[in-house]
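Chemist: Got data-v7.txt for you, compact mmCIF, C-alpha atoms and all ligand atoms:
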# COMPACT_ATOMS: atom_id res chain seq x y z
CA MET A 728 121.15 97.41 83.93
CA HIS A 729 121.85 100.40 86.04
CA PRO A 730 120.52 101.39 89.38
CA ILE A 731 118.13 104.19 89.94
CA PRO A 732 120.19 106.16 92.37
CA PRO A 733 118.93 107.20 95.75
CA PRO A 734 118.38 109.42 97.58
CA TYR A 735 114.67 109.44 97.31
CA LEU A 736 113.78 112.98 96.70
CA THR A 737 110.60 112.89 98.62
CA ARG A 738 109.75 111.13 101.83
CA ARG A 739 106.03 111.46 101.87
CA GLY A 740 105.48 113.47 98.70
CA PHE A 741 104.33 110.51 96.70
CA ILE A 742 101.06 111.53 95.15
CA LYS A 743 101.28 112.83 91.66
CA THR A 744 97.83 114.34 91.48
CA THR A 745 97.94 115.98 94.88
CA GLY A 746 101.19 116.71 94.94
CA ALA A 747 106.82 78.87 104.13
CA ALA A 748 105.19 75.22 104.67
CA GLY A 749 102.37 77.32 103.55
CA LEU A 750 104.36 80.29 104.53
CA VAL A 751 104.80 79.66 108.18
CA ALA A 752 103.24 76.83 110.06
CA GLY A 753 100.18 77.96 111.90
CA MET A 754 99.75 81.16 109.93
CA PRO A 755 96.29 81.86 108.58
CA MET A 756 97.59 82.05 105.04
CA LEU A 757 95.37 81.68 102.01
CA ALA A 758 97.89 80.80 99.39
CA ALA A 759 101.10 78.95 100.05
CA PRO A 760 103.62 81.14 98.30
CA GLU A 761 106.68 79.38 99.66
CA ALA A 762 105.37 76.11 98.31
CA ARG A 763 103.71 77.09 95.08
CA SER A 764 101.61 74.48 93.42
CA GLU A 765 100.22 74.75 89.93
CA SER A 766 97.05 73.13 91.14
CA ALA A 767 96.46 75.63 93.94
CA PRO A 768 92.82 76.61 93.93
CA ALA A 769 91.85 80.05 92.80
CA GLN A 770 91.02 82.46 95.58
CA ALA A 771 87.61 83.95 95.70
CA VAL A 772 87.73 87.60 94.75
CA ALA A 773 86.18 89.41 97.62
CA GLU A 774 83.72 92.23 97.19
CA PRO A 775 85.48 95.57 97.32
CA ALA A 776 84.84 97.80 100.27
CA HIS A 777 84.87 100.83 98.03
CA SER A 778 83.02 101.48 94.85
CA SER A 779 85.11 101.10 91.74
CA SER A 780 84.81 103.15 88.61
CA ALA A 781 86.84 100.65 86.63
CA SER A 782 85.83 97.04 86.09
CA PRO A 783 87.64 96.09 82.93
CA GLN A 784 87.66 92.35 83.56
CA PRO A 785 85.14 89.80 84.79
CA ALA A 786 86.21 88.34 88.14
CA ALA A 787 87.67 85.11 86.76
CA ASP A 788 90.08 87.07 84.60
CA THR A 789 91.35 89.51 87.19
CA LEU A 790 95.07 89.49 87.81
CA ARG A 791 94.31 88.30 91.29
CA ALA A 792 92.34 85.27 90.13
CA LEU A 793 94.93 84.38 87.51
CA ALA A 794 97.83 84.78 89.95
CA SER A 795 96.08 82.76 92.62
CA LYS A 796 95.55 79.90 90.16
CA LYS A 797 99.30 79.86 89.64
CA GLY A 798 99.97 79.99 93.37
CA LEU A 799 101.59 83.40 92.98
CA LEU A 800 101.12 86.25 95.40
CA LEU A 801 100.66 89.32 93.23
CA GLY A 802 100.56 92.35 95.45
CA THR A 803 100.87 96.08 95.58
CA ALA A 804 102.00 98.84 97.86
CA PHE A 805 99.10 100.30 99.80
CA CYS A 806 98.76 104.08 99.74
CA HIS A 807 96.68 105.01 102.73
CA GLU A 808 95.91 108.56 101.65
CA ALA A 809 94.44 107.23 98.41
CA PHE A 810 92.55 104.50 100.23
CA ARG A 811 91.01 107.04 102.58
CA ASN A 812 90.20 109.73 100.06
CA ASP A 813 89.67 108.12 96.68
CA PRO A 814 86.53 106.00 96.26
CA GLY A 815 87.97 104.27 93.20
CA TYR A 816 91.08 102.98 94.93
CA GLY A 817 90.02 100.17 97.27
CA GLY A 818 87.84 98.38 94.74
CA VAL A 819 90.65 97.91 92.24
CA LEU A 820 93.01 96.95 95.05
CA ALA A 821 90.81 94.11 96.30
CA ARG A 822 89.83 93.00 92.82
CA GLU A 823 93.30 92.74 91.30
CA PHE A 824 95.70 91.79 94.08
CA ASN A 825 96.04 89.12 96.74
CA CYS A 826 98.77 90.74 98.84
CA LEU A 827 99.47 94.19 100.30
CA VAL A 828 102.43 96.05 101.72
CA ALA A 829 102.34 99.46 103.38
CA GLU A 830 104.04 101.97 101.11
CA ASN A 831 105.18 104.15 104.00
CA SER A 832 103.24 103.58 107.20
CA MET A 833 105.42 100.83 108.66
CA LYS A 834 108.63 102.83 108.29
CA LEU A 835 110.25 104.03 111.50
CA CYS A 836 109.23 107.67 111.05
CA ASP A 837 105.58 106.68 110.74
CA ILE A 838 105.25 103.77 113.11
CA GLN A 839 107.42 105.18 115.92
CA PRO A 840 107.23 108.93 115.38
CA GLU A 841 108.13 109.64 119.01
CA ARG A 842 110.69 107.48 120.70
CA GLY A 843 108.90 104.65 122.49
CA ALA A 844 105.45 105.71 121.19
CA PHE A 845 104.12 103.48 118.43
CA ASP A 846 101.35 104.41 116.01
CA PHE A 847 99.71 101.43 114.35
CA THR A 848 96.64 103.27 113.10
CA VAL A 849 97.41 103.25 109.40
CA PRO A 850 98.96 99.78 109.09
CA ASP A 851 96.08 98.43 111.18
CA ALA A 852 93.63 99.90 108.66
CA MET A 853 95.54 98.18 105.88
CA MET A 854 95.57 94.87 107.75
CA THR A 855 91.83 95.13 108.39
CA PHE A 856 91.26 95.69 104.69
CA ALA A 857 93.58 92.80 103.82
CA ALA A 858 91.78 90.45 106.20
CA ALA A 859 88.36 91.54 104.94
CA HIS A 860 89.41 90.75 101.39
CA ASP A 861 91.41 87.57 102.03
CA MET A 862 94.68 89.22 101.11
CA GLN A 863 98.08 88.47 102.58
CA ALA A 864 100.60 91.09 103.66
CA ARG A 865 104.34 91.69 103.52
CA ALA A 866 106.01 94.11 105.89
CA VAL A 867 108.75 96.62 105.13
CA PRO A 868 111.15 97.62 106.65
CA LEU A 869 112.10 97.04 110.28
CA VAL A 870 115.51 98.67 109.91
CA TRP A 871 116.51 101.25 107.29
CA HIS A 872 118.89 104.17 107.11
CA ASP A 873 116.11 106.30 105.62
CA ALA A 874 112.61 107.41 106.70
CA LEU A 875 113.86 108.20 110.19
CA PRO A 876 111.87 110.20 112.74
CA PRO A 877 113.45 113.35 114.16
CA TRP A 878 114.57 111.50 117.28
CA ALA A 879 116.81 109.23 115.19
CA GLU A 880 117.70 111.36 112.17
CA GLY A 881 121.36 112.39 112.23
CA LYS A 882 121.90 110.77 115.63
CA THR A 883 124.54 108.36 116.89
CA PHE A 884 123.63 106.45 120.05
CA PRO A 885 125.86 104.55 122.47
CA ARG A 886 126.03 100.95 121.21
CA GLN A 887 123.89 99.38 123.96
CA GLU A 888 121.29 102.11 123.64
CA ALA A 889 121.03 101.63 119.88
CA LEU A 890 120.61 97.90 120.36
CA ALA A 891 117.93 98.53 122.97
CA ILE A 892 116.09 100.88 120.59
CA LEU A 893 116.12 98.31 117.81
CA ARG A 894 115.15 95.53 120.17
CA GLU A 895 112.13 97.46 121.38
CA HIS A 896 111.18 98.44 117.84
CA ILE A 897 111.54 94.97 116.35
CA PHE A 898 109.78 93.21 119.24
CA THR A 899 106.92 95.70 119.44
CA VAL A 900 106.19 95.76 115.72
CA MET A 901 106.63 92.04 115.10
CA LYS A 902 104.49 91.10 118.07
CA HIS A 903 101.76 93.51 117.01
CA PHE A 904 101.45 91.85 113.59
CA ARG A 905 102.41 88.34 114.65
CA GLY A 906 100.97 85.60 112.44
CA ARG A 907 99.63 88.06 109.87
CA ILE A 908 102.73 88.92 107.84
CA CYS A 909 103.98 86.50 105.20
CA ALA A 910 107.48 88.01 105.03
CA TRP A 911 109.38 90.70 106.91
CA ASP A 912 112.01 92.87 105.32
CA VAL A 913 114.22 93.15 108.37
CA LEU A 914 116.89 95.28 106.71
CA ASN A 915 116.33 97.50 103.71
CA GLU A 916 119.17 98.74 101.52
CA GLY A 917 121.99 97.82 103.89
CA LEU A 918 124.68 97.40 101.21
CA SER A 919 126.88 100.18 99.92
CA ASP A 920 126.20 101.31 96.36
CA SER A 921 129.71 102.35 95.61
CA GLY A 922 131.86 99.41 96.64
CA PRO A 923 132.34 96.58 99.07
CA GLY A 924 130.84 96.64 102.50
CA LEU A 925 127.82 98.08 104.17
CA ARG A 926 126.09 101.39 103.68
CA GLU A 927 127.25 103.69 106.45
CA GLU A 928 124.48 106.31 106.42
CA GLY A 929 121.91 106.33 109.18
CA PRO A 930 122.30 105.83 112.92
CA TRP A 931 122.60 102.05 113.13
CA PHE A 932 125.92 101.31 111.44
CA HIS A 933 127.83 103.95 113.37
CA SER A 934 126.13 103.34 116.68
CA ILE A 935 126.42 99.56 116.71
CA GLY A 936 129.17 98.68 114.27
CA SER A 937 129.13 96.51 111.20
CA ASN A 938 127.73 93.52 113.05
CA TYR A 939 124.46 95.42 113.50
CA VAL A 940 123.10 93.32 110.64
CA GLU A 941 123.47 90.01 112.45
CA GLU A 942 122.16 91.60 115.63
CA ILE A 943 118.90 92.70 114.03
CA TYR A 944 118.25 89.36 112.32
CA HIS A 945 118.81 87.53 115.59
CA LEU A 946 116.49 90.00 117.33
CA ALA A 947 113.80 89.48 114.69
CA HIS A 948 114.12 85.72 114.96
CA GLU A 949 113.87 85.94 118.72
CA ALA A 950 110.83 88.22 118.48
CA ASP A 951 108.99 85.76 116.24
CA PRO A 952 110.73 82.47 115.52
CA GLN A 953 108.04 81.61 112.93
CA ALA A 954 108.56 84.72 110.85
CA LEU A 955 110.24 84.68 107.43
CA LEU A 956 113.04 87.23 107.48
CA PHE A 957 114.15 88.94 104.27
CA TYR A 958 116.88 91.28 103.12
CA ASN A 959 115.61 93.85 100.59
CA ASP A 960 117.57 96.06 98.20
CA TYR A 961 117.64 97.69 94.76
CA ALA A 962 119.97 97.56 91.75
CA MET A 963 120.59 93.86 92.27
CA ASP A 964 117.71 92.37 90.29
CA GLY A 965 119.94 91.06 87.51
CA MET A 966 123.63 90.16 87.56
CA SER A 967 125.04 93.50 88.71
CA ASP A 968 128.16 94.10 90.77
CA LYS A 969 125.88 94.83 93.72
CA ALA A 970 124.01 91.56 93.13
CA ASP A 971 127.34 89.70 93.24
CA ARG A 972 128.31 91.43 96.46
CA CYS A 973 124.92 90.72 97.97
CA TYR A 974 125.11 87.06 97.04
CA LEU A 975 128.54 86.61 98.67
CA TRP A 976 127.55 88.60 101.73
CA LEU A 977 124.37 86.59 102.30
CA LYS A 978 126.30 83.36 101.80
CA GLU A 979 128.69 84.45 104.53
CA LEU A 980 125.89 85.51 106.88
CA LEU A 981 124.12 82.18 106.36
CA ALA A 982 127.37 80.32 107.04
CA ARG A 983 127.56 82.20 110.34
CA GLY A 984 124.06 81.06 111.23
CA VAL A 985 122.30 84.40 110.79
CA PRO A 986 118.58 83.71 110.37
CA ILE A 987 117.86 85.10 106.89
CA HIS A 988 115.29 83.29 104.81
CA GLY A 989 114.89 85.34 101.70
CA VAL A 990 115.88 88.25 99.49
CA GLY A 991 113.68 91.02 98.18
CA LEU A 992 114.61 92.34 94.75
CA GLN A 993 113.04 95.79 94.62
CA TYR A 994 112.95 95.96 90.82
CA HIS A 995 112.52 99.69 90.37
CA VAL A 996 113.66 99.99 86.77
CA LYS A 997 113.74 102.55 84.02
CA LEU A 998 112.44 101.33 80.69
CA GLU A 999 115.77 101.91 79.02
CA GLN A 1000 117.79 100.26 81.78
CA HIS A 1001 115.88 97.23 82.88
CA PRO A 1002 117.82 94.03 83.49
CA ASP A 1003 117.85 91.15 81.05
CA PRO A 1004 115.35 88.55 82.33
CA ALA A 1005 117.99 85.85 81.72
CA ASP A 1006 120.23 87.63 84.24
CA VAL A 1007 117.39 87.93 86.72
CA THR A 1008 116.79 84.21 86.32
CA ARG A 1009 120.46 83.47 87.03
CA ASN A 1010 120.47 85.75 90.04
CA ILE A 1011 117.33 84.18 91.49
CA ARG A 1012 118.68 80.71 90.82
CA ARG A 1013 121.90 81.28 92.74
CA LEU A 1014 120.01 82.83 95.66
CA ASN A 1015 117.61 79.86 95.63
CA ASP A 1016 120.66 77.59 95.63
CA LEU A 1017 121.67 79.17 98.93
CA GLY A 1018 118.30 78.08 100.27
CA LEU A 1019 116.90 81.60 100.09
CA SER A 1020 113.47 82.44 98.79
CA VAL A 1021 113.25 85.45 96.47
CA HIS A 1022 110.44 87.98 96.35
CA ILE A 1023 110.12 90.78 93.81
CA THR A 1024 109.15 93.50 96.24
CA GLU A 1025 108.68 96.92 94.61
CA LEU A 1026 108.25 96.49 90.89
CA ASP A 1027 107.66 99.55 88.75
CA VAL A 1028 108.83 100.35 85.22
CA TRP A 1029 109.56 104.01 84.69
CA LEU A 1030 108.72 105.69 81.38
CA PRO A 1031 110.04 109.03 80.19
CA ALA A 1032 107.65 111.80 81.19
CA GLN A 1033 106.77 112.31 77.52
CA SER A 1034 105.93 108.73 76.73
CA THR A 1035 104.46 107.26 73.56
CA ALA A 1036 102.26 104.26 72.76
CA GLU A 1037 105.43 102.40 71.85
CA HIS A 1038 106.82 103.05 75.34
CA LEU A 1039 103.68 101.58 76.85
CA HIS A 1040 104.09 98.42 74.81
CA GLN A 1041 107.75 98.10 75.74
CA GLN A 1042 106.77 98.60 79.37
CA ALA A 1043 104.20 95.82 79.04
CA ALA A 1044 106.91 93.48 77.79
CA VAL A 1045 109.05 94.25 80.84
CA TYR A 1046 106.18 93.52 83.22
CA ARG A 1047 105.42 90.30 81.37
CA GLY A 1048 109.06 89.25 81.56
CA VAL A 1049 109.17 89.75 85.31
CA ILE A 1050 106.07 87.66 85.91
CA GLU A 1051 107.30 84.90 83.60
CA THR A 1052 110.67 84.92 85.34
CA ALA A 1053 109.05 84.63 88.75
CA LEU A 1054 106.78 81.81 87.64
CA ALA A 1055 109.64 79.90 86.09
CA ALA A 1056 111.89 80.24 89.11
CA ARG A 1057 112.19 77.50 91.71
CA LYS A 1058 111.33 79.83 94.57
CA CYS A 1059 110.04 83.26 93.65
CA PRO A 1060 106.45 83.07 94.86
CA VAL A 1061 105.73 86.77 95.44
CA VAL A 1062 105.67 89.75 93.07
CA MET A 1063 104.72 93.09 94.61
CA LEU A 1064 104.13 96.16 92.44
CA TRP A 1065 105.04 99.52 93.97
CA GLY A 1066 101.51 100.82 93.52
CA PHE A 1067 99.13 100.07 90.69
CA THR A 1068 97.79 103.36 89.35
CA ASP A 1069 99.80 106.23 87.90
CA ARG A 1070 97.52 108.47 89.94
CA TYR A 1071 99.55 107.53 93.03
CA SER A 1072 103.18 106.78 92.36
CA TRP A 1073 106.44 107.90 93.89
CA VAL A 1074 108.10 108.03 90.46
CA PRO A 1075 107.35 111.60 89.26
CA GLY A 1076 108.41 113.01 92.62
CA THR A 1077 111.55 111.00 93.05
CA SER A 1078 112.69 111.53 89.46
CA GLY A 1079 112.09 115.28 89.54
CA GLY A 1080 109.37 114.90 86.91
CA THR A 1081 111.57 113.23 84.30
CA TYR A 1082 109.87 109.83 84.64
CA ASP A 1083 106.23 108.85 85.05
CA GLN A 1084 103.57 106.25 84.21
CA ALA A 1085 105.45 103.40 85.85
CA LEU A 1086 102.42 101.35 86.88
CA ILE A 1087 99.81 99.13 85.22
CA PHE A 1088 96.72 101.36 85.45
CA ASP A 1089 96.68 104.92 84.21
CA SER A 1090 95.63 107.86 86.37
CA ASP A 1091 91.96 107.15 85.63
CA TYR A 1092 92.23 103.48 86.61
CA HIS A 1093 92.17 102.30 83.01
CA PRO A 1094 94.35 99.25 82.47
CA LYS A 1095 97.44 99.92 80.40
CA PRO A 1096 99.06 97.40 78.04
CA ALA A 1097 101.09 96.15 81.02
CA TYR A 1098 97.87 94.89 82.61
CA ALA A 1099 97.08 92.63 79.67
CA ALA A 1100 100.70 91.55 79.50
CA ILE A 1101 100.66 90.38 83.12
CA ALA A 1102 97.35 88.63 82.52
CA ALA A 1103 98.87 86.87 79.51
CA ALA A 1104 101.90 85.80 81.55
CA LEU A 1105 99.58 84.37 84.19
CA SER A 1106 97.29 82.57 81.72
C1 LIG B 1201 109.17 105.32 98.77
C2 LIG B 1201 107.69 105.66 98.80
O1 LIG B 1201 107.08 105.09 97.67
C3 LIG B 1201 107.51 107.15 98.77
O2 LIG B 1201 106.14 107.48 98.96
C4 LIG B 1201 108.33 107.79 99.84
O3 LIG B 1201 108.23 109.18 99.68
C5 LIG B 1201 109.78 107.36 99.76
O4 LIG B 1201 109.86 105.96 99.82
N1 LIG B 1201 112.67 101.69 98.08
C6 LIG B 1201 111.97 101.41 99.21
C7 LIG B 1201 110.68 102.06 99.46
O5 LIG B 1201 112.37 100.50 99.96
O6 LIG B 1201 110.40 102.16 100.83
C8 LIG B 1201 110.63 103.43 98.81
O7 LIG B 1201 109.31 103.93 98.96
C9 LIG B 1201 110.99 103.31 97.36
C10 LIG B 1201 112.37 102.76 97.19
Just give me the structure as structure tokens.

Modeler:
Amino acid sequence: MHPIPPPYLTRRGFIKTTGAAGLVAGMPMLAAPEARSESAPAQAVAEPAHSSSASPQPAADTLRALASKKGLLLGTAFCHEAFRNDPGYGGVLAREFNCLVAENSMKLCDIQPERGAFDFTVPDAMMTFAAAHDMQARAVPLVWHDALPPWAEGKTFPRQEALAILREHIFTVMKHFRGRICAWDVLNEGLSDSGPGLREEGPWFHSIGSNYVEEIYHLAHEADPQALLFYNDYAMDGMSDKADRCYLWLKELLARGVPIHGVGLQYHVKLEQHPDPADVTRNIRRLNDLGLSVHITELDVWLPAQSTAEHLHQQAAVYRGVIETALAARKCPVVMLWGFTDRYSWVPGTSGGTYDQALIFDSDYHPKPAYAAIAAALS
């Protein structure tokens, strides 16, 4: 199990072809992912807004219907450019998934491109689609060292100013989406990759100091006391050194009363380096033991660019293992894929073309073996 190293080579160059009780009391939630019940009723599969060229399964057998029967939120990253331009995209999205997350449009560079000026256009379009199709939504990320707009990139602010910036950002965004987001990734990728301590890149660590983490969780809790607040990171899906460090760090933050309710395991894995499901199970169990919920937040399984039928079958087994692990866990009620069709995936760009085909539909929206494997895990 080895991490896929950052940095992400592209920021927006993602398109291969073109380049809690319930969740939160009072939330209009359809499923109850923080309190999964095997007898949860299946969700109706809403009519897609877009036409779909691919309808491989009758409605009762869609991944969405199967996941909903298990009380699992099975979601995907939402690629707005594809949604807007590709008539095949929205239909598959609504048919197969019951949860969405914006792939890019809620990151600081997109949602606050000018300091103090917020642009909700794209995430609002996603939320409208989600509401129209009875889908839930996660939100990522409120604070990250990456995806910064020019006004923040490479900057260090006086401490009070940095805190004021984050306060305004967190309050404005959380209030805008209040009651409609089942989990917020407050901090993304805050831990160092190379050793103990926090990642120091980006403006927030240097401007505020290492206690910026507790500050932002308290701000998020103040902005919306009902919201579920997550920490999200990669290379800690199984029992890695980083997973150990994360576990101890979260334990300490919880002991200090920092309002953190869950952990997002990104689960970007290469076929040849994916973690042993038994290790993922152990990792989830110890996080659950801390009282934390776990969500798989960005699952994709990278294949070598020149992949074979055998690779596709091995990939299917990895997807199946993740779903089975989540279902067997005490509290892992959400699995989000980082996209669903190889037509739109960050993998070729970020890997410099050495990896591809990480998702469960091919570039023509045909289901790959991984699709059937997930369906089998959910059946
Ligand atoms: C990626 C997007 O998929 C790309 O389109 C973008 O160019 C870079 O960011 N971990 C994260 C996600 O938390 O936000 C990243 O998304 C993938 C890795």

Chemist: Any idea what's packed within 7 Å of region 853-862 of chain A, counting only C-alpha atoms, ignoring anything in its chain fewer than 5 positions away? Could you give it as JSON, numbers by chain?

Modeler: {"A": [773, 821, 825, 826, 827]}

Chemist: Between CA of Tyr944 (chain A) and CA of Ala879 (chain A), what is the distance, to one decimal in Å?

Modeler: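 Between CA of Tyr944 (chain A) and CA of Ala879 (chain A) the gap works out to 20.1 Å.
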
Chemist: Using only C-alpha atoms, pick whichever of A:Glu841, A:Asp964, A:Glu928, A:Glu916 has the shortest atom-to-atom distance to Ala1053 (chain A).

Modeler: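 Checking each of A:Glu841, A:Asp964, A:Glu928, A:Glu916 against Ala1053 (chain A), counting only C-alpha atoms, the winner is A:Asp964.
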
Chemist: Quick one: of A:Val1049, A:Met833, A:Leu914, A:Val828, who's nearest to Ile943 (chain A), counting all atoms listed in the file?

Modeler: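 Looking only at the distances to Ile943 (chain A), the closest residue turns out to be A:Leu914.
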
Chemist: Give me the box for ligand LIG 1201 (chain B) as JSON, namely the centre and edge lengths in Å to one decimal of a box along x, y and z that holds every listed atom plus 6 Å on each side.

Modeler:
{"center_x": 109.4, "center_y": 104.8, "center_z": 99.0, "size_x": 18.5, "size_y": 20.7, "size_z": 15.6}

Chemist: Within 9 Å of (105.4, 75.6, 85.1) (coordinates as in the file), grab all the protein and nucleic acid residues, counting all atoms listed in the file, and write them out as a list in words.

Modeler: Glu765, Lys797, Leu1054, Ala1055 and Ala1056 of chain A

Chemist: Which residues are near region 1008-1020 of chain A? Cut-off 12 Å, all atoms listed in the file, ignore same chain within fewer than 5 positions. Put them as a PyMOL selection string.

Modeler: chain A and resi 747+750+760-763+910+955-959+962-982+986-992+1002-1003+1048-1061

Chemist: Here is a test: counting only C-alpha atoms, which residue of A:Ala874, A:Ala787, A:Ile935, A:Ala1044 is nearest to Pro1096 (chain A)?

Modeler: A:Ala1044

Chemist: Restricting the calculation to all atoms listed in the file: of A:Glu830, A:Glu823, A:Asp837, A:Glu1037, which residue gets closest to Leu875 (chain A)?

Modeler: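 Distance minimum relative to Leu875 (chain A) lands on A:Asp837.
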
Chemist: State, in Å with one decimal place, the distance from CA of Thr1035 (chain A) to CA of Gly1066 (chain A).

Modeler: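 A separation of 21.2 Å between them.
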
Chemist: So, counting all atoms listed in the file, which residue among A:Asn915, A:Ser1090, A:Thr848, A:Gln1041 is closest to ligand LIG 1201 (chain B)?

Modeler: A:Asn915

Chemist: Rank nothing, just name the residue among A:Gln1042, A:Ser1072, A:Thr803, A:Ser921 nearest to ligand LIG 1201 (chain B), using only C-alpha atoms and all ligand atoms.

Modeler: A:Ser1072

Chemist: Residues at most 6 Å from region 1026-1034 of chain A, counting only C-alpha atoms, excluding those fewer than 5 positions away in the same chain, as a list in words?

Modeler: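 Non-adjacent residues within range: Tyr994, His995, Val996, Lys997, Leu998, Leu1064, Trp1065, Thr1081, Tyr1082, Asp1083, Gln1084, Ala1085 and Leu1086 of chain A.
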
Chemist: Would you fill the gaps in region 851-866 of chain A so it has N, CA and C atoms, then print it as a short mmCIF file (atom, residue, chain, number, x, y, z; two decimals), keeping the file's coordinate frame?

Modeler:
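Result saved to out_31.cif:
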data_model
loop_
_atom_site.label_atom_id
_atom_site.label_comp_id
_atom_site.auth_asym_id
_atom_site.auth_seq_id
_atom_site.Cartn_x
_atom_site.Cartn_y
_atom_site.Cartn_z
N ASP A 851 97.23 99.23 110.72
CA ASP A 851 96.08 98.43 111.18
C ASP A 851 94.92 98.54 110.19
N ALA A 852 94.71 99.73 109.64
CA ALA A 852 93.63 99.90 108.66
C ALA A 852 93.92 99.05 107.42
N MET A 853 95.18 99.02 107.03
CA MET A 853 95.54 98.18 105.88
C MET A 853 95.32 96.71 106.19
N MET A 854 95.72 96.29 107.38
CA MET A 854 95.57 94.87 107.75
C MET A 854 94.09 94.48 107.86
N THR A 855 93.27 95.40 108.32
CA THR A 855 91.83 95.13 108.39
C THR A 855 91.27 94.93 106.99
N PHE A 856 91.70 95.81 106.08
CA PHE A 856 91.26 95.69 104.69
C PHE A 856 91.75 94.37 104.09
N ALA A 857 93.01 94.05 104.36
CA ALA A 857 93.58 92.80 103.82
C ALA A 857 92.80 91.60 104.34
N ALA A 858 92.51 91.60 105.63
CA ALA A 858 91.78 90.45 106.20
C ALA A 858 90.37 90.37 105.62
N ALA A 859 89.73 91.53 105.47
CA ALA A 859 88.36 91.54 104.94
C ALA A 859 88.30 91.03 103.51
N HIS A 860 89.40 91.14 102.80
CA HIS A 860 89.41 90.75 101.39
C HIS A 860 90.34 89.56 101.13
N ASP A 861 90.62 88.80 102.18
CA ASP A 861 91.41 87.57 102.03
C ASP A 861 92.74 87.82 101.32
N MET A 862 93.39 88.90 101.72
CA MET A 862 94.68 89.22 101.11
C MET A 862 95.78 88.97 102.15
N GLN A 863 96.94 88.60 101.68
CA GLN A 863 98.08 88.47 102.58
C GLN A 863 98.81 89.80 102.68
N ALA A 864 99.86 89.84 103.51
CA ALA A 864 100.60 91.09 103.66
C ALA A 864 102.08 90.82 103.88
N ARG A 865 102.92 91.62 103.20
CA ARG A 865 104.34 91.69 103.52
C ARG A 865 104.55 92.90 104.43
N ALA A 866 105.72 92.95 105.05
CA ALA A 866 106.01 94.11 105.89
C ALA A 866 107.40 94.65 105.59
#
